[in-house]
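A.B. asks: Please read through the structure below; I'll follow up with questions.
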Amino acid sequence: MALLDAVHAPVTEAGPRQLARLVKAALGMVWASARREFSGVMVAAVLGGAGSALQVYLTGRLVAGLTSAGTGLPAGLGVKICALAGVTIGLGFLASFQRERERVVGELVARHAQTQVLEVSAQVPMESFEEPAFYDRLQRAMVTAEIRPVQLASGLLSTLVATTGALGVAVGLLTISPLLGVLVPVAAVPLWLAAHHANRALYMFTFRMTHDDRTRAYVSDLMASKESAAEVRAFGLASFFRARFDRLYDARLAAVRDVAGIRLRASLAGGLGSGLVVGAVILLAVRLVATGSLSLPEAGTAIVAVALLAQRLAAATDGAARLHESTLFVEDFVTFVEPERARVRAVATAREPAGFDRIALRDVSFRYPAGSAEVLHEIDLDLRAGEVIALVGENGSGKTTLAKVLAGIYQPTRGTVSWDDVVLDEPRTRAAREQIAVAFQDFVRYRFPIAENITVGRPTRADDREAMIEAARRARADRFVEQLPEGYETQLGTQFLGGSDLSGGQWQRLALARAFFRDAPLIILDEPTSALDPRAERELFDDIRTLCAGRTVLLISHRFANVRSADRIHVMAAGRIAESGTHEELLDLGGRYAELFHLQASTYLDPKGEPWHPLQPS
Ligand SMILES: Nc1ncnc2c1ncn2[C@@H]1O[C@H](COP(=O)(O)OP(=O)(O)OP(=O)(O)O)[C@@H](O)[C@H]1O
């Protein structure tokens with residue numbers, strides 16, 4: 001936790017200046033997303049304030065009329081009562097209007113905030129997803145964007161409405177007794193101090209719980225998602241996960257009780273302090289009657305106004321407290337969204353490389369943010385336009401990492417990637433992704449219709465059905481898709497209405513089709529056939545040049561026989577390129593490639609060195 005605090009100190013430690021900045025940011029959010037609705041409530045607030053002043057004035061006139069009339073009814077009593085009732089009904093209507101508008105403003109701000117968090121999350125550098133602190137910030141920003149806008153809107157609007165209402169009553173009271181009018185607002189001070197303390201406690205609680213909350217959400221996801229459902233049942237993990245979930249929730253509940261205690265004590269102290277002030281002011285009103293400074297009707301009206309003002313001030317303080325609370329959380333949103341916007345702007349202005357005749361990696365090293373050591377060391381690699389280049393090597397040797405650096409997913413820690421003479425800095429790398437198609441080893445299974453699983457490869461040409469079907473054909477996905485009753489319109493994902501599932505190999509063919517549909521000059525295929533049957537695998541590798549004609553291809557495979565026709569094969573070992581050459585050159589070299597190639601080939605030979613025929617007894 002100490003580390004997290006150092007990375008992102010909670011805002012409660014900050015002074016009024018930072019709070020003012022956050023209030024400004026919060027207002028900016030409301031204004032940007034709900035200008036019209038917000039303006040409507042402002043007008044209602046002003047009307048409400050005027051109505052409150054009128055209410056006090058009419059009450060005063062009514063009381064004065066009643067006391068001066070002696071035993072009979074005063075003249076114009078009916079009109080005064082009707083006017084007072086009319087103002088009260090009007091104020092009630094304004095209150096309902098405000099409540100309903102608040103809801104709409106809250107939703108509008110929530111949508112605005114969530115869109116920004118999602119946009120940023122989808123664009124942050126991939127390295128961010130390697131840092132636990134990033135997930136904490138993301139989680140806080142997500143939660144803030146989801147639930148705080150409603151609180152922000154309601155806090156802001158009810159503060160405005162209650163403050164204008166309080167001002168109206170205060171104006172009425174000041175005309176009766178300036179002393180009482182000045183003293184009543186003091187009742188808001190203990191309420192505000194208490195709210196400030198309570199908000200701090202809540203924010204610190206949320207801040208400190210983020211990591212544990214994420215762990216709990218992960219465990220609950222394991223228990224409730226389709227991806228883990230089979231293993232959870234096969235290994236009987238339900239009670240094991242349940243115990244872990246309970247432990248985490250117990251810790252949270254203990255912390256919730258602590259923070260609830262702090263908030264309750266603060267609220268009691270605030271209410272007590274405020275009540276004492278109001279009581280003292282009423283006593284003072286009585287004393288002013290005794291000393292003859294106030295008449296009895298004036299004192300009666302003043303006491304009603306004091307109670308009304310205290311009530312409005314409490315509402316205004318409550319609104320301000322909610323605004324303050326949500327503002328603390330706005331910090332989580334702002335610190336997440338703002339820095340990333342600068343990067344996005346930089347990318348928007350970056351020139352996309354025009355293409356390449358040669359891609360060159362020079363002295364490229366890479367270390368994962370979470371890793372203690374470099375996983376790529378001083379890599380020099382060239383890919384010329386139209387070549388098929390293969391990467392082979394044992395598990396963990398760095399093939400996927402290198403492919404991701406080439407794909408512009410990761411930025412090298414040291415060294416450069418250039419397209420011809422253009423060195424790709426971060427913005428250019430992002431821009432260059434437009435010209436790269438990748439089929440990842442851990443590709444995504446989109447729970448969309450089949451056609452969309454392919455067209456997300458290049459959403460801007462999603463309407464090109466012919467190209468979509470052609471991509472499916474190249475990935476040999478057309479055969480099984482055409483046998484499905486709804487063909488390319490088949491919804492995937494059994495969690496959605498009418499959805500069905502595919503086999504691992506069929507999903508992989510869709511991932512391949514997606515890469516083909518992207519139609520980019522550089523195609524990176526990381527273990528593209530790991531789930532395919534031997535026939536499909538053979539077909540793909542035999543045809544790779546035709547399938548990717550005119551493109552530059554980087555192929556990664558564990559099966560050495562698959563890459564033997566590549567223009568150049570690089571053998572990776574412990575993050576370095578250990579050997580390079582054509583299949584024949586590498587066999588002649590008699591090194592690691594030759595050893596691993598023969599090792600794999602031997603599994604297809606019987607003990608006498610003949611090809612293995614499993615159906616014929618040896
Ligand atoms: N996100 C990560 N954070 C830290 N280290 C990582 C991360 N991903 C991979 N590594 C480490 O980087 C090294 C290279 O991994 P990489 O996935 O590039 O290997 P690979 O050759 O593609 O392996 P495989 O053949 O198993 O797919 C491994 O030692 C791995 O533990």
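Ligands are numbered from 1 in the order shown, chains are lettered A, B, ... in the order of the structure tokens, and residues start at 1 in each chain.
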Determine, for each residue of stretch 378-493 of chain A having at least one atom at most 12 Å from an atom of stretch 582-603 of chain A, the closest pair of atoms and their separation in Å to one decimal, counting only C-alpha atoms; order by chain and ascending number, as a Markdown table.

C.D. replies:
| residue | atom | partner | partner_atom | distance |
| --- | --- | --- | --- | --- |
| A:Val388 | CA | A:Thr582 | CA | 11.0 |
| A:Ile389 | CA | A:Thr582 | CA | 9.6 |
| A:Ala390 | CA | A:Thr582 | CA | 9.6 |
| A:Leu391 | CA | A:Tyr593 | CA | 11.0 |
| A:Val392 | CA | A:Tyr593 | CA | 8.4 |
| A:Gly393 | CA | A:Tyr593 | CA | 8.2 |
| A:Glu394 | CA | A:Leu596 | CA | 9.1 |

A.B. asks: Suppose we keep N, CA and C atoms; can you now write the selection as a tab-separated table (two decimals), in the first residue's frame?

C.D. replies:
chain	number	residue	atom	x	y	z
A	388	VAL	N	9.07	-13.89	-46.33
A	388	VAL	CA	8.47	-14.66	-45.24
A	388	VAL	C	9.59	-14.99	-44.26
A	389	ILE	N	9.48	-14.45	-43.07
A	389	ILE	CA	10.52	-14.63	-42.04
A	389	ILE	C	9.93	-15.47	-40.92
A	390	ALA	N	10.70	-16.42	-40.42
A	390	ALA	CA	10.18	-17.27	-39.35
A	390	ALA	C	10.97	-17.08	-38.07
A	391	LEU	N	10.26	-17.18	-36.95
A	391	LEU	CA	10.91	-17.17	-35.64
A	391	LEU	C	10.61	-18.51	-35.00
A	392	VAL	N	11.64	-19.21	-34.57
A	392	VAL	CA	11.41	-20.46	-33.84
A	392	VAL	C	12.22	-20.41	-32.55
A	393	GLY	N	11.92	-21.31	-31.67
A	393	GLY	CA	12.66	-21.34	-30.41
A	393	GLY	C	11.82	-22.00	-29.34
A	394	GLU	N	12.48	-22.30	-28.22
A	394	GLU	CA	11.77	-23.01	-27.17
A	394	GLU	C	10.86	-22.07	-26.39

A.B. asks: Distance limit 9 Å, reference ligand 1, atoms considered: only C-alpha atoms and all ligand atoms. Which residues make the cut? Give them as a compact mmCIF listing (two decimals) with N, CA and C atoms, in the first residue's frame.

C.D. replies:
# COMPACT_ATOMS: atom_id res chain seq x y z
N GLU A 127 2.09 -1.57 -21.99
CA GLU A 127 2.89 -1.74 -20.78
C GLU A 127 2.07 -1.43 -19.53
N PHE A 129 -0.80 -2.29 -18.81
CA PHE A 129 -1.53 -3.47 -18.33
C PHE A 129 -0.61 -4.48 -17.62
N GLU A 130 0.65 -4.11 -17.50
CA GLU A 130 1.57 -4.97 -16.77
C GLU A 130 1.76 -4.46 -15.35
N ARG A 367 12.23 -5.03 -21.62
CA ARG A 367 11.95 -5.57 -20.28
C ARG A 367 10.50 -5.26 -19.95
N TYR A 368 9.75 -6.25 -19.50
CA TYR A 368 8.36 -6.00 -19.07
C TYR A 368 8.40 -5.16 -17.80
N PRO A 369 7.47 -4.22 -17.67
CA PRO A 369 7.48 -3.38 -16.46
C PRO A 369 7.48 -4.22 -15.18
N ALA A 370 6.75 -5.34 -15.22
CA ALA A 370 6.66 -6.15 -14.00
C ALA A 370 7.86 -7.10 -13.87
N GLY A 371 8.66 -7.20 -14.91
CA GLY A 371 9.76 -8.17 -14.89
C GLY A 371 11.03 -7.56 -14.33
N SER A 372 11.86 -8.40 -13.73
CA SER A 372 13.09 -7.88 -13.14
C SER A 372 14.22 -7.84 -14.17
N ALA A 373 14.11 -8.66 -15.23
CA ALA A 373 15.22 -8.72 -16.19
C ALA A 373 14.71 -8.50 -17.61
N GLU A 374 15.64 -8.17 -18.50
CA GLU A 374 15.26 -8.02 -19.91
C GLU A 374 14.91 -9.38 -20.50
N VAL A 375 13.88 -9.42 -21.36
CA VAL A 375 13.53 -10.69 -22.00
C VAL A 375 13.95 -10.68 -23.48
N LEU A 376 14.30 -9.51 -23.99
CA LEU A 376 14.93 -9.44 -25.32
C LEU A 376 16.26 -8.71 -25.14
N LEU A 391 10.26 -17.18 -36.95
CA LEU A 391 10.91 -17.17 -35.64
C LEU A 391 10.61 -18.51 -35.00
N VAL A 392 11.64 -19.21 -34.57
CA VAL A 392 11.41 -20.46 -33.84
C VAL A 392 12.22 -20.41 -32.55
N GLY A 393 11.92 -21.31 -31.67
CA GLY A 393 12.66 -21.34 -30.41
C GLY A 393 11.82 -22.00 -29.34
N GLU A 394 12.48 -22.30 -28.22
CA GLU A 394 11.77 -23.01 -27.17
C GLU A 394 10.86 -22.07 -26.39
N ASN A 395 10.02 -22.64 -25.54
CA ASN A 395 9.11 -21.83 -24.72
C ASN A 395 9.89 -20.78 -23.94
N GLY A 396 9.33 -19.57 -23.93
CA GLY A 396 9.93 -18.51 -23.11
C GLY A 396 11.16 -17.88 -23.72
N SER A 397 11.49 -18.24 -24.99
CA SER A 397 12.72 -17.69 -25.58
C SER A 397 12.53 -16.25 -26.06
N GLY A 398 11.28 -15.77 -26.14
CA GLY A 398 11.05 -14.36 -26.47
C GLY A 398 10.40 -14.11 -27.81
N LYS A 399 9.87 -15.16 -28.46
CA LYS A 399 9.30 -15.00 -29.81
C LYS A 399 8.09 -14.06 -29.80
N THR A 400 7.16 -14.34 -28.89
CA THR A 400 5.94 -13.52 -28.85
C THR A 400 6.27 -12.08 -28.48
N THR A 401 7.17 -11.91 -27.55
CA THR A 401 7.54 -10.55 -27.15
C THR A 401 8.13 -9.79 -28.34
N LEU A 402 9.00 -10.47 -29.09
CA LEU A 402 9.61 -9.82 -30.25
C LEU A 402 8.53 -9.49 -31.29
N ALA A 403 7.59 -10.42 -31.48
CA ALA A 403 6.51 -10.17 -32.45
C ALA A 403 5.68 -8.96 -32.01
N LYS A 404 5.48 -8.82 -30.71
CA LYS A 404 4.67 -7.69 -30.22
C LYS A 404 5.43 -6.37 -30.35
N GLN A 441 -1.27 -15.36 -30.63
CA GLN A 441 -1.33 -16.71 -30.07
C GLN A 441 -2.56 -16.81 -29.15
N ASP A 526 1.37 -15.48 -35.03
CA ASP A 526 2.03 -16.09 -33.88
C ASP A 526 1.33 -17.42 -33.57
N GLU A 527 2.00 -18.50 -33.85
CA GLU A 527 1.43 -19.85 -33.67
C GLU A 527 0.03 -19.92 -34.30
N ILE A 556 5.54 -17.36 -36.55
CA ILE A 556 6.11 -18.00 -35.36
C ILE A 556 5.50 -19.38 -35.25
N SER A 557 6.34 -20.37 -35.05
CA SER A 557 5.81 -21.72 -34.90
C SER A 557 6.77 -22.57 -34.07
N HIS A 558 6.18 -23.49 -33.32
CA HIS A 558 7.01 -24.46 -32.60
C HIS A 558 7.39 -25.62 -33.50
N MET A 572 15.48 -18.34 -31.78
CA MET A 572 15.64 -17.53 -30.56
C MET A 572 15.97 -18.42 -29.37
N ALA A 573 16.83 -17.90 -28.53
CA ALA A 573 17.18 -18.61 -27.29
C ALA A 573 17.47 -17.56 -26.23
N ALA A 574 16.77 -17.67 -25.12
CA ALA A 574 16.97 -16.76 -23.97
C ALA A 574 16.99 -15.29 -24.40
N GLY A 575 16.04 -14.91 -25.24
CA GLY A 575 15.90 -13.50 -25.60
C GLY A 575 16.87 -12.99 -26.64

A.B. asks: Write out as a list in words each polymer residue whose atoms come within 8 Å of A:Leu525, counting only C-alpha atoms; drop sequence neighbours fewer than 5 positions from it.

C.D. replies: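 Residues near the query, excluding close chain neighbours: Val438, Ala439, Phe440, Gln441, Val553, Leu554, Leu555 and Ile556 of chain A.
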
A.B. asks: What does the file look like for those residues with N, CA and C atoms, as an mmCIF file, in the first residue's frame?

C.D. replies:
data_model
loop_
_atom_site.group_PDB
_atom_site.id
_atom_site.type_symbol
_atom_site.label_atom_id
_atom_site.label_comp_id
_atom_site.auth_asym_id
_atom_site.auth_seq_id
_atom_site.Cartn_x
_atom_site.Cartn_y
_atom_site.Cartn_z
ATOM 1 N N VAL A 438 -2.226 -8.769 -37.275
ATOM 2 C CA VAL A 438 -1.666 -9.781 -36.374
ATOM 3 C C VAL A 438 -2.712 -10.844 -36.068
ATOM 4 N N ALA A 439 -2.270 -12.105 -36.076
ATOM 5 C CA ALA A 439 -3.089 -13.164 -35.476
ATOM 6 C C ALA A 439 -2.306 -13.584 -34.238
ATOM 7 N N PHE A 440 -2.818 -13.188 -33.077
ATOM 8 C CA PHE A 440 -2.091 -13.466 -31.840
ATOM 9 C C PHE A 440 -2.248 -14.924 -31.424
ATOM 10 N N GLN A 441 -1.272 -15.359 -30.631
ATOM 11 C CA GLN A 441 -1.325 -16.706 -30.068
ATOM 12 C C GLN A 441 -2.556 -16.814 -29.151
ATOM 13 N N VAL A 553 5.702 -11.310 -44.198
ATOM 14 C CA VAL A 553 5.086 -12.179 -43.188
ATOM 15 C C VAL A 553 6.108 -12.547 -42.127
ATOM 16 N N LEU A 554 5.704 -12.399 -40.872
ATOM 17 C CA LEU A 554 6.508 -12.937 -39.778
ATOM 18 C C LEU A 554 5.731 -14.100 -39.192
ATOM 19 N N LEU A 555 6.360 -15.269 -39.232
ATOM 20 C CA LEU A 555 5.692 -16.492 -38.790
ATOM 21 C C LEU A 555 6.336 -16.991 -37.521
ATOM 22 N N ILE A 556 5.536 -17.362 -36.554
ATOM 23 C CA ILE A 556 6.106 -17.996 -35.357
ATOM 24 C C ILE A 556 5.501 -19.384 -35.252
#

A.B. asks: Quick one: residues within 12 Å of stretch 492-497 of chain A, only C-alpha atoms counted, chain neighbours fewer than 3 positions away excluded, as an MDAnalysis selection string?

C.D. replies: chainID A and resid 225:227 445:453 481 484 486:489 500:503 506:507 510

A.B. asks: Mind writing the picked residues with C-alpha atoms as a PDB file, in the first residue's frame?

C.D. replies:
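Written file, out22.pdb:
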ATOM      1  CA  SER A 225     -17.532 -17.228 -15.697  1.00  0.00           C
ATOM      2  CA  LYS A 226     -17.835 -19.740 -18.492  1.00  0.00           C
ATOM      3  CA  GLU A 227     -14.077 -19.665 -19.163  1.00  0.00           C
ATOM      4  CA  ARG A 445     -13.020 -14.783 -29.255  1.00  0.00           C
ATOM      5  CA  TYR A 446     -15.500 -12.020 -29.972  1.00  0.00           C
ATOM      6  CA  ARG A 447     -19.024 -12.884 -28.897  1.00  0.00           C
ATOM      7  CA  PHE A 448     -20.397 -11.282 -32.071  1.00  0.00           C
ATOM      8  CA  PRO A 449     -21.773 -12.792 -35.294  1.00  0.00           C
ATOM      9  CA  ILE A 450     -19.163 -14.661 -37.351  1.00  0.00           C
ATOM     10  CA  ALA A 451     -19.032 -11.965 -40.041  1.00  0.00           C
ATOM     11  CA  GLU A 452     -18.153  -9.359 -37.419  1.00  0.00           C
ATOM     12  CA  ASN A 453     -15.478 -11.617 -35.948  1.00  0.00           C
ATOM     13  CA  VAL A 481     -19.299 -21.466 -41.697  1.00  0.00           C
ATOM     14  CA  LEU A 484     -24.073 -23.477 -40.206  1.00  0.00           C
ATOM     15  CA  GLU A 486     -27.208 -18.982 -40.316  1.00  0.00           C
ATOM     16  CA  GLY A 487     -23.800 -18.939 -42.008  1.00  0.00           C
ATOM     17  CA  TYR A 488     -21.854 -15.742 -41.447  1.00  0.00           C
ATOM     18  CA  GLU A 489     -24.733 -14.297 -39.411  1.00  0.00           C
ATOM     19  CA  SER A 500     -23.546 -20.919 -30.368  1.00  0.00           C
ATOM     20  CA  ASP A 501     -19.953 -21.932 -29.780  1.00  0.00           C
ATOM     21  CA  LEU A 502     -17.134 -23.145 -32.020  1.00  0.00           C
ATOM     22  CA  SER A 503     -14.270 -25.564 -31.602  1.00  0.00           C
ATOM     23  CA  GLN A 506     -12.657 -22.997 -35.773  1.00  0.00           C
ATOM     24  CA  TRP A 507     -12.146 -19.986 -33.524  1.00  0.00           C
ATOM     25  CA  LEU A 510     -11.684 -16.834 -37.591  1.00  0.00           C
TER      26      LEU A 510
END

A.B. asks: Restricting the calculation to only C-alpha atoms, which member of A:Arg564, A:Arg257, A:Arg509, A:Arg148 is positioned closest to A:Glu331?

C.D. replies: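 That would be A:Arg148, the residue with the smallest distance to A:Glu331.
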